[in-house]
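Next comes start-v1.txt, with compact mmCIF, C-alpha atoms and all ligand atoms.
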```
# COMPACT_ATOMS: atom_id res chain seq x y z
CA MET F 1 -2.93 104.61 60.38
CA LEU F 2 0.42 105.59 61.80
CA VAL F 3 -0.31 105.26 65.53
CA GLY F 4 -0.54 101.59 66.54
CA ARG F 5 0.94 100.38 63.25
CA ALA F 6 4.05 98.87 64.85
CA ASN F 7 2.19 96.65 67.27
CA GLU F 8 -0.06 95.33 64.49
CA ASN F 9 2.85 94.75 62.13
CA GLY F 10 4.89 93.14 64.89
CA ALA F 11 2.12 90.65 65.67
CA ARG F 12 1.73 89.86 61.95
CA LEU F 13 5.45 89.34 61.42
CA PHE F 14 5.54 87.04 64.41
CA ARG F 15 2.75 84.87 63.02
CA GLU F 16 4.48 84.75 59.63
CA TRP F 17 7.78 83.77 61.24
CA PHE F 18 6.18 80.78 62.97
CA GLN F 19 4.34 79.83 59.77
CA GLU F 20 7.71 79.73 58.01
CA LEU F 21 9.17 77.63 60.80
CA THR F 22 6.25 75.22 60.53
CA ALA F 23 6.81 74.95 56.77
CA ALA F 24 10.51 74.31 57.39
CA ALA F 25 9.63 71.58 59.91
CA ASP F 26 7.23 69.99 57.41
CA GLU F 27 9.97 70.03 54.74
CA LYS F 28 12.39 68.58 57.32
CA ARG F 29 14.83 71.45 56.83
CA GLY F 30 17.41 71.72 59.60
CA ALA F 31 17.42 75.05 61.43
CA ALA F 32 20.09 77.15 63.07
CA TYR F 33 19.32 77.34 66.80
CA VAL F 34 20.57 80.62 68.24
CA PHE F 35 20.28 82.79 71.34
CA VAL F 36 19.24 86.38 71.90
CA MET F 37 22.66 87.55 73.11
CA GLY F 38 24.80 87.08 69.98
CA SER F 39 22.49 85.44 67.46
CA LEU F 40 24.66 85.98 64.34
CA CYS F 41 21.53 85.95 62.19
CA GLU F 42 23.23 88.12 59.55
CA LEU F 43 25.76 85.37 58.93
CA LEU F 44 23.49 82.34 59.26
CA ARG F 45 21.01 83.74 56.73
CA VAL F 46 23.74 83.57 54.08
CA PHE F 47 23.37 79.79 54.29
CA ASP F 48 19.53 79.90 54.24
CA PHE F 49 19.09 78.30 57.64
CA PRO F 50 15.64 78.83 59.15
CA ILE F 51 16.41 80.66 62.39
CA VAL F 52 15.05 79.33 65.67
CA PHE F 53 15.32 81.23 68.96
CA PRO F 54 14.48 78.61 71.63
CA GLU F 55 14.31 81.36 74.29
CA ILE F 56 11.54 83.08 72.31
CA ASN F 57 9.71 79.81 71.69
CA SER F 58 9.77 79.13 75.42
CA LEU F 59 8.55 82.53 76.53
CA GLN F 60 5.72 82.21 74.00
CA THR F 61 4.48 79.10 75.83
CA ALA F 62 4.22 81.25 78.98
CA VAL F 63 2.50 84.17 77.21
CA ARG F 64 0.02 81.63 75.83
CA ARG F 65 -0.45 80.26 79.36
CA VAL F 66 0.63 76.69 78.68
CA ALA F 67 4.22 76.86 79.95
CA HIS F 68 3.36 74.73 83.00
CA GLU F 69 2.48 71.80 80.74
CA TYR F 70 5.89 71.98 79.09
CA LEU F 71 7.75 72.53 82.38
CA ASN F 72 6.02 69.55 83.99
CA GLU F 73 6.88 67.36 81.04
CA ALA F 74 10.57 68.28 81.24
CA GLU F 75 10.62 67.84 85.00
CA ASN F 76 8.99 64.41 84.69
CA TYR F 77 11.68 63.59 82.18
CA GLY F 78 14.28 64.40 84.86
CA PHE F 79 15.16 68.10 84.71
CA SER F 80 15.34 69.89 88.05
CA PRO F 81 12.71 72.50 89.02
CA ASP F 82 15.64 74.85 89.72
CA ILE F 83 17.08 75.26 86.27
CA CYS F 84 16.20 77.83 83.61
CA GLY F 85 12.53 77.49 82.63
CA TYR F 86 13.35 78.32 79.01
CA VAL F 87 15.53 75.22 78.78
CA LYS F 88 12.82 72.99 80.19
CA ALA F 89 10.08 74.32 77.91
CA ASP F 90 12.37 73.75 74.94
CA VAL F 91 13.17 70.21 76.04
CA ALA F 92 9.44 69.49 76.13
CA VAL F 93 9.01 71.06 72.66
CA GLN F 94 11.73 68.72 71.39
CA LEU F 95 10.19 65.71 73.13
CA ARG F 96 6.89 66.57 71.42
CA GLY F 97 8.56 66.56 68.00
CA GLY F 98 8.55 70.36 67.73
CA THR F 99 4.90 70.92 68.65
CA HIS F 100 4.49 74.47 69.91
CA PRO F 101 1.41 76.66 70.53
CA MET F 102 2.38 78.85 67.53
CA GLY F 103 3.25 76.11 65.06
CA ARG F 104 5.91 73.46 64.66
CA ILE F 105 9.59 74.05 65.35
CA PRO F 106 12.08 72.45 62.94
CA LYS F 107 14.88 70.33 64.36
CA PRO F 108 18.35 71.85 64.53
CA ALA F 109 21.05 71.34 61.91
CA LEU F 110 23.49 73.26 64.09
CA ALA F 111 23.42 75.55 67.12
CA VAL F 112 25.36 78.72 67.79
CA ALA F 113 25.83 79.85 71.38
CA THR F 114 27.84 82.59 73.02
CA ASN F 115 29.31 82.77 76.49
CA ALA F 116 26.88 85.58 77.43
CA CYS F 117 24.96 83.03 79.54
CA ASN F 118 26.50 79.82 80.90
CA THR F 119 23.14 78.07 80.41
CA TYR F 120 23.50 78.57 76.64
CA VAL F 121 26.46 76.21 76.57
CA LYS F 122 24.78 73.48 78.63
CA TRP F 123 21.54 73.91 76.65
CA GLY F 124 23.47 73.37 73.41
CA GLU F 125 24.80 70.12 74.83
CA ILE F 126 21.21 68.85 75.15
CA TRP F 127 20.67 69.26 71.38
CA GLU F 128 24.07 67.71 70.77
CA ARG F 129 22.95 64.63 72.70
CA MET F 130 19.43 64.56 71.24
CA TYR F 131 20.33 65.09 67.59
CA GLY F 132 24.10 64.75 67.25
CA VAL F 133 24.31 68.27 65.76
CA PRO F 134 27.36 70.53 66.09
CA VAL F 135 27.20 73.30 68.67
CA PHE F 136 29.47 76.25 67.99
CA THR F 137 30.25 78.36 71.06
CA LEU F 138 31.52 81.82 70.33
CA ASP F 139 33.74 83.08 73.14
CA ILE F 140 33.34 86.86 73.46
CA PRO F 141 35.81 88.67 75.71
CA GLY F 142 33.89 90.71 78.27
CA SER F 143 34.76 94.03 79.89
CA ARG F 144 37.52 93.61 82.46
CA GLY F 145 35.67 95.75 85.00
CA ALA F 146 33.01 98.44 85.33
CA GLY F 147 33.82 101.17 82.82
CA LEU F 148 36.85 99.25 81.56
CA ALA F 149 35.53 98.14 78.16
CA SER F 150 38.37 98.62 75.69
CA ALA F 151 37.53 101.20 73.02
CA PRO F 152 37.65 100.49 69.28
CA GLY F 153 40.98 101.65 67.92
CA THR F 154 42.99 100.57 70.97
CA ASP F 155 45.42 97.62 70.91
CA ASP F 156 43.36 95.78 73.53
CA PHE F 157 40.20 96.08 71.48
CA GLU F 158 41.93 95.04 68.27
CA ARG F 159 43.29 91.89 69.94
CA ASP F 160 39.80 90.97 71.16
CA ARG F 161 38.30 91.78 67.76
CA ARG F 162 40.80 89.56 65.96
CA TYR F 163 40.07 86.74 68.43
CA VAL F 164 36.35 86.99 67.55
CA GLU F 165 37.09 87.26 63.83
CA GLY F 166 39.09 84.01 63.93
CA GLN F 167 36.12 82.25 65.49
CA LEU F 168 33.72 83.70 62.91
CA ARG F 169 35.88 82.30 60.12
CA GLU F 170 35.67 78.88 61.78
CA LEU F 171 31.90 79.28 62.03
CA ILE F 172 31.68 80.10 58.32
CA ALA F 173 33.54 76.87 57.52
CA LEU F 174 31.16 74.93 59.77
CA CYS F 175 28.10 76.51 58.12
CA GLU F 176 29.45 75.59 54.67
CA ARG F 177 29.91 72.01 55.81
CA VAL F 178 26.48 71.67 57.43
CA SER F 179 24.48 73.51 54.73
CA GLY F 180 26.45 72.30 51.71
CA LYS F 181 26.47 75.92 50.44
CA ARG F 182 29.44 78.12 49.61
CA PHE F 183 29.90 81.29 51.62
CA ASP F 184 28.87 84.35 49.59
CA VAL F 185 30.34 87.58 50.95
CA ASP F 186 27.93 89.75 48.95
CA ARG F 187 24.96 88.07 50.57
CA LEU F 188 26.57 88.69 53.94
CA ARG F 189 26.89 92.39 53.02
CA GLU F 190 23.21 92.46 52.10
CA HIS F 191 22.09 90.96 55.43
CA MET F 192 24.46 93.20 57.36
CA GLY F 193 23.02 96.23 55.55
CA HIS F 194 19.52 95.28 56.77
CA ALA F 195 20.92 94.73 60.27
CA ASN F 196 22.42 98.24 60.13
CA THR F 197 19.01 99.76 59.46
CA LEU F 198 17.51 97.75 62.30
CA SER F 199 20.20 98.68 64.85
CA THR F 200 20.06 102.37 63.95
CA GLY F 201 16.28 102.27 64.32
CA TRP F 202 16.42 100.40 67.65
CA ARG F 203 18.67 103.05 69.15
CA GLN F 204 16.52 105.90 67.84
CA VAL F 205 13.36 104.32 69.20
CA LEU F 206 14.90 103.97 72.65
CA GLU F 207 15.97 107.60 72.55
CA LEU F 208 12.54 108.77 71.43
CA ASN F 209 11.07 107.35 74.63
CA ARG F 210 12.74 110.15 76.55
CA SER F 211 9.86 112.34 75.43
CA ARG F 212 7.01 113.08 77.79
CA PRO F 213 4.58 111.39 77.64
CA ALA F 214 6.51 108.26 76.73
CA VAL F 215 5.71 107.06 73.21
CA PHE F 216 5.76 103.36 74.10
CA ASN F 217 5.75 101.12 77.16
CA ALA F 218 9.13 99.39 77.38
CA LEU F 219 7.58 96.41 79.16
CA SER F 220 4.65 95.60 76.86
CA ASP F 221 5.21 97.35 73.48
CA GLY F 222 8.99 97.09 73.87
CA THR F 223 8.77 93.30 74.06
CA ILE F 224 6.98 93.21 70.69
CA PHE F 225 9.68 95.41 69.13
CA LEU F 226 12.34 93.23 70.69
CA GLY F 227 10.80 90.09 69.20
CA VAL F 228 10.95 91.60 65.72
CA ALA F 229 14.50 92.85 66.33
CA LYS F 230 15.52 89.28 67.11
CA GLY F 231 13.54 87.21 64.63
CA PHE F 232 13.98 89.54 61.65
CA ARG F 233 17.53 90.80 62.12
CA GLY F 234 19.30 90.90 58.77
CA THR F 235 16.09 90.79 56.70
CA PRO F 236 14.34 93.46 54.58
CA GLU F 237 11.20 92.95 56.71
CA GLY F 238 13.11 93.69 59.92
CA ALA F 239 14.71 96.79 58.38
CA ALA F 240 11.33 98.05 57.08
CA PHE F 241 9.68 97.43 60.45
CA PHE F 242 12.24 99.58 62.25
CA THR F 243 12.14 102.34 59.63
CA ASP F 244 8.35 102.49 60.10
CA LEU F 245 8.68 102.24 63.86
CA VAL F 246 10.98 105.25 64.03
CA GLU F 247 8.52 107.19 61.87
CA GLU F 248 5.62 106.25 64.17
CA MET F 249 7.47 107.01 67.40
CA ARG F 250 8.82 110.30 66.05
CA TYR F 251 5.30 111.33 65.02
CA LYS F 252 4.01 110.46 68.49
CA ALA F 253 6.81 112.40 70.17
CA GLU F 254 6.23 115.46 67.99
CA HIS F 255 2.48 115.38 68.63
CA ARG F 256 2.86 114.45 72.30
CA ILE F 257 0.88 111.22 71.88
CA GLY F 258 1.63 108.77 74.66
CA ILE F 259 0.43 105.25 75.33
CA PRO F 260 -3.31 105.09 76.07
CA ILE F 261 -3.05 105.76 79.82
CA ASP F 262 -2.62 108.92 81.83
CA GLU F 263 1.15 108.91 82.48
CA LYS F 264 1.84 109.69 86.14
CA TRP F 265 5.06 107.82 86.86
CA ARG F 266 8.01 107.12 84.61
CA LEU F 267 9.70 103.85 85.54
CA ILE F 268 12.75 101.78 84.60
CA PHE F 269 12.43 97.99 84.58
CA VAL F 270 15.34 95.73 85.54
CA GLY F 271 15.18 92.02 84.70
CA VAL F 272 12.94 89.82 82.54
CA PRO F 273 9.13 90.29 82.33
CA CYS F 274 6.70 88.03 84.16
CA TYR F 275 5.43 86.15 81.12
CA PRO F 276 2.95 83.77 82.84
CA ILE F 277 0.75 86.81 83.60
CA PHE F 278 2.28 89.14 81.04
CA ARG F 279 -0.63 91.47 80.42
CA ARG F 280 -1.75 91.55 84.05
CA PHE F 281 1.80 92.21 85.25
CA SER F 282 1.95 95.26 83.02
CA GLU F 283 -1.50 96.42 84.21
CA LEU F 284 -0.42 96.26 87.86
CA PHE F 285 1.78 99.26 87.01
CA SER F 286 -0.26 100.98 84.29
CA ASP F 287 -3.40 100.97 86.51
CA TRP F 288 -1.48 103.46 88.69
CA GLY F 289 -0.33 105.51 85.70
CA GLY F 290 3.11 103.85 85.74
CA VAL F 291 4.86 103.68 82.36
CA PHE F 292 8.10 101.84 81.75
CA VAL F 293 10.23 104.23 79.74
CA ASN F 294 13.22 101.92 79.41
CA SER F 295 14.54 98.60 80.74
CA THR F 296 17.64 96.47 81.01
CA TYR F 297 15.65 93.85 79.04
CA LEU F 298 15.62 96.02 75.92
CA TRP F 299 19.36 96.33 76.49
CA PHE F 300 20.71 92.82 77.13
CA ALA F 301 18.09 90.85 75.19
CA SER F 302 18.69 93.07 72.16
CA GLY F 303 22.22 91.65 72.20
CA GLY F 304 23.72 95.14 72.00
CA ALA F 305 21.50 96.47 69.19
CA ASN F 306 20.77 99.37 71.55
CA LEU F 307 24.25 100.70 70.73
CA GLY F 308 23.10 101.42 67.19
CA PHE F 309 26.42 100.09 65.85
CA THR F 310 26.55 99.98 62.05
CA TYR F 311 28.78 97.57 60.17
CA ASP F 312 31.34 98.74 57.66
CA LEU F 313 30.21 96.84 54.56
CA ARG F 314 33.56 97.37 52.82
CA ARG F 315 35.21 94.95 55.28
CA PRO F 316 32.28 92.71 56.29
CA ILE F 317 33.89 89.91 58.28
CA GLU F 318 36.22 92.24 60.19
CA SER F 319 33.33 94.56 60.92
CA LEU F 320 30.99 91.72 61.87
CA ALA F 321 33.57 90.67 64.46
CA GLU F 322 33.71 94.23 65.78
CA GLY F 323 29.91 94.53 65.99
CA VAL F 324 29.47 91.13 67.67
CA LEU F 325 32.22 91.92 70.17
CA LEU F 326 30.73 95.33 71.03
CA GLY F 327 27.15 94.06 71.14
CA VAL F 328 27.57 90.89 73.20
CA ARG F 329 30.06 92.60 75.53
CA ASP F 330 27.53 95.36 76.10
CA ALA F 331 24.80 92.79 76.80
CA MET F 332 27.06 91.16 79.40
CA ASP F 333 27.85 94.58 80.89
CA SER F 334 24.11 95.09 81.39
CA MET F 335 24.19 92.20 83.86
CA PHE F 336 27.58 92.67 85.50
CA PHE F 337 28.14 96.43 85.41
CA GLN F 338 24.73 97.99 85.08
CA THR F 339 24.86 100.69 87.76
CA GLN F 340 26.26 103.63 85.81
CA THR F 341 24.11 102.96 82.76
CA LEU F 342 20.98 102.69 84.91
CA ALA F 343 21.87 106.00 86.56
CA GLN F 344 22.21 107.50 83.09
CA MET F 345 18.84 105.99 82.06
CA ILE F 346 17.20 107.58 85.11
CA ASP F 347 18.64 110.97 84.15
CA ASP F 348 17.95 110.72 80.41
CA HIS F 349 14.37 109.53 80.85
CA ALA F 350 13.56 111.62 83.94
CA ALA F 351 12.51 108.41 85.72
CA ASP F 352 10.58 108.49 88.98
CA GLY F 353 11.37 104.94 90.07
CA VAL F 354 13.13 101.66 89.30
CA VAL F 355 11.45 98.24 89.43
CA TYR F 356 13.71 95.21 89.99
CA HIS F 357 12.19 91.91 88.96
CA PRO F 358 14.56 89.06 89.83
CA ILE F 359 13.28 85.70 88.64
CA LYS F 360 13.77 82.25 90.07
CA SER F 361 14.82 80.45 86.95
CA CYS F 362 17.20 82.90 85.29
CA ARG F 363 20.14 83.31 87.60
CA THR F 364 22.16 84.94 84.85
CA VAL F 365 20.18 88.16 85.02
CA SER F 366 18.96 87.88 88.62
CA THR F 367 22.11 87.16 90.58
CA GLY F 368 23.40 90.22 92.37
CA LEU F 369 20.36 92.40 91.68
CA ALA F 370 19.94 93.16 95.40
CA ASP F 371 23.52 94.46 95.48
CA THR F 372 23.29 96.43 92.27
CA ARG F 373 20.09 97.98 93.58
CA ARG F 374 21.96 99.16 96.67
CA ALA F 375 24.76 100.54 94.50
CA LEU F 376 22.28 102.45 92.32
CA MET F 377 20.40 103.84 95.29
CA ALA F 378 23.71 105.13 96.66
CA ILE F 379 24.18 107.37 93.63
CA ARG F 380 20.58 108.29 92.71
CA ASP F 381 17.82 109.42 95.03
CA VAL F 382 15.10 107.44 93.27
CA PRO F 383 12.66 104.99 94.93
CA SER F 384 12.86 101.36 93.91
CA LEU F 385 10.77 98.23 94.17
CA PHE F 386 12.15 94.69 94.43
CA VAL F 387 9.55 92.13 93.44
CA GLU F 388 10.40 88.49 92.77
CA SER F 389 8.63 85.92 90.61
CA ASP F 390 9.48 84.03 87.43
CA MET F 391 9.41 84.44 83.67
CA MET F 392 7.98 80.93 83.03
CA ASP F 393 6.84 79.13 86.14
CA ARG F 394 3.40 80.18 87.37
CA ARG F 395 3.92 78.10 90.54
CA VAL F 396 6.15 80.89 91.87
CA VAL F 397 4.05 83.78 90.59
CA SER F 398 1.75 85.13 93.28
CA GLU F 399 -0.30 87.89 91.71
CA ALA F 400 -1.95 88.94 94.98
CA GLN F 401 1.38 89.28 96.79
CA MET F 402 2.85 91.16 93.87
CA LYS F 403 -0.09 93.52 93.75
CA ASN F 404 0.30 94.35 97.46
CA ARG F 405 3.92 95.31 97.01
CA ILE F 406 3.32 97.22 93.78
CA ASP F 407 0.42 99.13 95.34
CA ALA F 408 2.61 100.01 98.34
CA PHE F 409 5.34 101.21 95.95
CA PHE F 410 2.98 103.59 94.18
CA GLU F 411 1.52 104.83 97.45
CA GLY F 412 5.10 105.57 98.51
CA LEU F 413 5.78 107.37 95.23
CA ALA F 414 2.67 109.50 95.73
CA SER F 415 3.62 110.36 99.29
CA ARG F 416 7.15 111.22 98.19
CA ARG F 417 5.83 113.55 95.54
CA GLN F 418 3.65 115.18 98.16
CA HIS F 419 6.17 115.35 100.98
CA GLY F 420 9.57 114.90 99.37
CA ALA F 421 10.16 111.54 101.16
CA ALA F 422 12.04 108.63 99.50
CA PRO F 423 10.41 105.24 100.07
CA THR F 424 12.00 101.97 99.03
CA VAL F 425 9.77 98.89 99.14
S1 LIG M 501 19.48 81.42 82.31
FE1 LIG M 501 18.51 83.37 81.70
S2 LIG M 501 19.81 84.25 80.09
FE2 LIG M 501 20.38 82.10 80.33
S3 LIG M 501 19.14 81.00 78.82
FE3 LIG M 501 17.96 80.97 80.71
S4 LIG M 501 16.65 82.81 80.60
FE4 LIG M 501 18.25 83.06 79.03
```

Would you give me this structure, written as structure tokens?
Amino acid sequence: MLVGRANENGARLFREWFQELTAAADEKRGAAYVFVMGSLCELLRVFDFPIVFPEINSLQTAVRRVAHEYLNEAENYGFSPDICGYVKADVAVQLRGGTHPMGRIPKPALAVATNACNTYVKWGEIWERMYGVPVFTLDIPGSRGAGLASAPGTDDFERDRRYVEGQLRELIALCERVSGKRFDVDRLREHMGHANTLSTGWRQVLELNRSRPAVFNALSDGTIFLGVAKGFRGTPEGAAFFTDLVEEMRYKAEHRIGIPIDEKWRLIFVGVPCYPIFRRFSELFSDWGGVFVNSTYLWFASGGANLGFTYDLRRPIESLAEGVLLGVRDAMDSMFFQTQTLAQMIDDHAADGVVYHPIKSCRTVSTGLADTRRALMAIRDVPSLFVESDMMDRRVVSEAQMKNRIDAFFEGLASRRQHGAAPTV
């Protein structure tokens, strides 16, 4: 059946991915540890590294409601309650020899970070100390200001692109050394071709959610799609998933099939989901008929796949540098210069409200949200909700308090629709 196929396939692919990781751990194969903003999967697959996303492993401990065990273990080991919960859950996974609720995580052979989050760099240093593995940090030049991203074809852009290309060539040499395999440019082309299909599909799927009713919930369904976009980037399975997903979402849009609730409010989500009560968090909105039609999460955590950039396979390394520069820069823009794009999202998706969800343990995406909210409200007359919790730590998640504020937000939305008022909670 077409409708619902993506969620089923996504769950299956996820299980298979962790089965493969478990097999790699059993065979003692060293993995490439990477991050969601700038994973470089297309390149790392050329060297047959199993790919590990520690951020995804960590959030899975929260979804499976055992994150607190991992966080406590890392805090007992000496990590501060204040730092990123993803780091601490990963430290505990490492201390447990890779034991994870979904399988076993292989040890790293190398790690690749970008400067998209400063925690990435410090996190990499932990693996360096634990295992003595090399950590390669790719330095991506960001936009110099809001709306000041240099455009492809300009001298500025070309200088930045060449800077990234030089680093990629160094990374290729490192991968050859660590894996003992020669770089094969045709295999790179193959993986980049699959990544092209995936990126094109990701962009189309986001656009299809402009239809009314929305064809997927960006908070719940979108997170499944995002997981596949990350874990299967550069693979035939990832490409096939997104080809099917576009077909399913297009069918739903054409036949006006929404998600299985009565859509009353179209919302934009800003931040990272509340994973310790993931399903319930989503229900607190859907119980009122609230549907998330888009989010900054599907933007920054996709690492720029939302742009739908396709690589030029005739000049793979040059084009890889261009795509990585555009993608990671765009992901950083989603945190530093999000206002105009959010305004555009509101217009494109005919959104009724914006929900800000700053979280205690990810300062990278939470810092400044109160200010960016003010900036957005100055240019769009749309109600917003500001509700704080965490993406990992259930000690700072108060469901009752959250529910009160969310209920008040929807009551305000209803009264606005009735009277034309503009509440902000
Ligand atoms: S601080 Fe935020 S962006 Fe950085 S690693 Fe942690 S969760 Fe990811």

Exercise for review: Could you pull out the residues sitting within 8 Å of ligand LIG 501 (chain M), using only C-alpha atoms and all ligand atoms, and write them as a ChimeraX atom specification?
Suggested key: /F:35-36,55,83-87,116-120,123,361-365

Check your understanding: What does the distance from CA of Ala32 in chain F to CA of Gly234 in chain F come to in Å, to one decimal?
Key -> 14.4 Å

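Closest to Asp330 in chain F among F:Thr235, F:Asn306, F:Glu16, F:Phe281 is F:Asn306, based on all atoms listed in the file.
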
Exercise for review: Go ahead and find all residues with at least one atom no further than 7 Å from (13.0, 103.9, 89.1) in the file's coordinates, using all atoms listed in the file; report them as a PyMOL selection string.
Suggested key: chain F and resi 267-268+346+351-355+382-384

Review point. Can you tell me, as a ChimeraX atom specification, what residues are no more than 8 Å from Ala31 in chain F when counting only C-alpha atoms, ignoring any on the same chain fewer than 3 positions away?
Key: /F:49-52,106-110

Would you put the residues from that selection into a file with C-alpha atoms, as a PDB file, keeping the file's coordinate frame?
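File written: again05.pdb
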```pdb
ATOM      1  CA  PHE F  49      19.090  78.300  57.640  1.00  0.00           C
ATOM      2  CA  PRO F  50      15.640  78.830  59.150  1.00  0.00           C
ATOM      3  CA  ILE F  51      16.410  80.660  62.390  1.00  0.00           C
ATOM      4  CA  VAL F  52      15.050  79.330  65.670  1.00  0.00           C
ATOM      5  CA  PRO F 106      12.080  72.450  62.940  1.00  0.00           C
ATOM      6  CA  LYS F 107      14.880  70.330  64.360  1.00  0.00           C
ATOM      7  CA  PRO F 108      18.350  71.850  64.530  1.00  0.00           C
ATOM      8  CA  ALA F 109      21.050  71.340  61.910  1.00  0.00           C
ATOM      9  CA  LEU F 110      23.490  73.260  64.090  1.00  0.00           C
TER      10      LEU F 110
END
```

Review point. Could you name the residues that touch range 221-224 of chain F at 8 Å or less, counting only C-alpha atoms, but leaving out those on the same chain fewer than 6 positions away, as a PyMOL selection string?
Key: chain F and resi 7+10-11+298

**Study point:** Spatial neighbours of range 197-207 of chain F, 7 Å, all atoms listed in the file, chain gap at least 4 places, as a ChimeraX atom specification
**Key:** /F:193,233,238-239,242-243,246,249,305-309

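Among F:Ala350, F:Met377, F:Met102, F:Leu2, the residue with the shortest atom-to-atom distance to Ile257 in chain F, counting all atoms listed in the file, is F:Leu2.
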
Exercise for review: Kindly provide, as a ChimeraX atom specification, the polymer residues lying within 12 Å of (4.9, 102.0, 83.2), counting all atoms listed in the file and using the coordinates exactly as they appear in the file.
Suggested key: /F:209,213-222,258-269,281-295,351-355,406,410

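Proximity ranking of F:Pro134, F:Gly231, F:Gly78, F:Gly303 relative to Gly30 in chain F places F:Pro134 first, based on all atoms listed in the file.
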